Structures are given as structure tokens and as C-alpha cells.
Amino acid sequence: MRIAQITDTHMRARGELWKGRVDPAATLARLVAALNRIGPDLVVHTGDVADSADREDGAPQYAVAADILSGLKAPLRLLPGNHDTRAGLGAAFGRPGDGFLGFSEEARGLRLVGLDTLEPGRTGGRLCADRLKLLEAVPQGGPVLIFMHHPPCPMGLPFMDGFPFEGGAALARAIAGREVLRIACGHVHADVERHWAGTLVSAAPAASAQLPVDLPAFAESPRGLPAGFTVEPLRIRLHDWDGATLTVKTVMVEAVEGPFPFPP
Ligand SMILES: [Fe+2]
Ligand SMILES: [Fe+2]
């Protein structure tokens, strides 16, 4: 079973550039084409689907995202990020209402749990007792793969670590004694992993722009803004589960030369 993770697409209106440089609709269309070539069994979008939390007109951006993602051959699960609104995301993807947008399902003996870490008005994420019920309801024993937008701990990134996560200690207690293979996240716009609470917290590269890992802390940045971002070739993270072992690969889906045959 192959689960493909994409994250941080930051959809804007069609044709509108993100940060003046990235075309999210065109990027998502390229991602969908790549995913359909790869052929995963499931696609998980770990949030910041759209760039709408600070805008009144968020709904059209979700309509664009939903329209493009409807081209996916594989089933899709989505989690909200801090730039999303639950109302916009839920309405566009068939889960209307103001409730949390998590998921929990089992596939080939692997429990997949998606946790909703959006806290409106905050850049950092939050887990509360209500949201953790989804995880606590999973029977003890058996491997678990958790998806969430925000890493639950600092990631060694001076800039992004300035937006703390609330509820990390409760999550650590909830996974204690369980076989949590990893916590797959997005949000930090960087390919970075950290060992935490007996598991691995792994942030996937963003499908928009990356934040350099050496960005200075917020307080040390001119005007409190990050110094800059980079636009890199699109990458997709693949979680391959063979019924016993999870293998994780990050594949660059374009702007790669080859593969070339080895010379004899
Ligand atoms: Fe993001
Ligand atoms: Fe985010």
C-alpha cells in the first residue's frame, strides 16, 4: 500500500500568484498529474490547502483546489493547516460544518490517524482533549501512522519554531506505549525530521515554496519577516507499507534528468 503525502499548496484564486512568484493552481495541477503517474492507493494532503485564513473570500480558493484535486485517481484525505478555514475546506471537500476535520481508518493492518491542529488566529498548531479522542479511540497494539499539519515539537528551525505548538505534552502522553511509526507533517516548508516522544516527527517539503532552514528567529528578522523563500522542484513523499514495514521515500517529480542507463 502506497500513501502519497502532499502539503502546503497554499491555493489562491486561479492565476493569482502566491508571494508574487508561485502559481498554486498550476503547481497543484502538476502535482495531480505526477500523483496519477505514480499511482498511490491514497493521497493525504497535510494542510495549508489554501491561503485563505486571513481573507473573506476563501471559498473560491477551495473551489479551485477541489476542482483540480478532483482529477486525482486515488482517494484523498485532507487536513486543515493554519492558512485554512474549516468551513471553506469542509464545504469544498464534502465535510460541511464546523467540526474538527480529522480521520481514522485502517488499511492492511496499519492505522492511519489524521489530527486537526488548526487553531484559528494562530500560526502555531494546537491539539486539545476533544481532538485527541480520535487517537485515544484506536485500540492498543498495532502500528499507527499519524498525519497532522503542524509538527508537535520544535524542529530546530529558528524561524518556524517561534510559533509554538500547544498540546504537545498531551499528544506525547497519548502515543506513549503505542507503536507510532512516525508523525508526518507539513507546515514548516522544509524537509526536516526530529526524534520526539519515542517516534519520528517528519515534515515534508511544501508544494509551494521552501523556507531556508537557517532563517533567523522572528525577533531577529528585519520587520519580523522571514528573509526569503526558495522555489524548488516539486517533491512528493511516499509512505510504502508492505504489511510489516514502512518505507518512506521522497521523490522529485519534475526537473530531474534521467533515469539514465548505467554504462556497461
Ligand atoms: Fe504552509
Ligand atoms: Fe502552516
# chains A, B, ... in the order shown; residues from 1 in each chain; ligands from 1
call {"tool": "residues_near_ligand", "arguments": {"ligand": "ligand 1", "cutoff": "10 Å", "atoms": "only C-alpha atoms and all ligand atoms", "output": "list in words"}}
result
Thr7, Asp8, Thr9, His10, Thr46, Gly47, Asp48, Val49, Ala50, Asp51, Gly81, Asn82, His83, Asp84, Thr123, His149, His150, Gly186, His187, Val188, His189, Ala190, Pro205, Ala206, Ala207, Ser208, Ala209, Gln210 and Leu211 of chain A
call {"tool": "residues_around", "arguments": {"residues": "A:Pro120", "least_positions_apart": "6", "cutoff": "12 Å", "atoms": "only C-alpha atoms", "output": "NGL selection string"}}
result
:A and (52-54 or 80-87 or 98 or 100 or 126)
call {"tool": "closest_residue", "arguments": {"among": "A:Asp214, A:Asp116, A:Asp23, A:Glu179", "to": "A:Pro151", "atoms": "only C-alpha atoms"}}
result
A:Asp116
call {"tool": "select_by_dssp", "arguments": {"residues": "stretch 50-131 of chain A", "states": "strand (DSSP E or B)", "output": "number ranges by chain"}}
result
A: 50, 76-78, 103-107, 110-115, 126
call {"tool": "select_by_dssp", "arguments": {"residues": "stretch 9-250 of chain A", "states": "alpha helix (DSSP H)", "output": "ChimeraX atom specification"}}
result
/A:24-38,58-69,86-92,129-136,168-175
call {"tool": "atom_distance", "arguments": {"atom1": "atom CA of A:Leu115", "atom2": "atom CA of A:Leu76"}}
result
15.0 Å
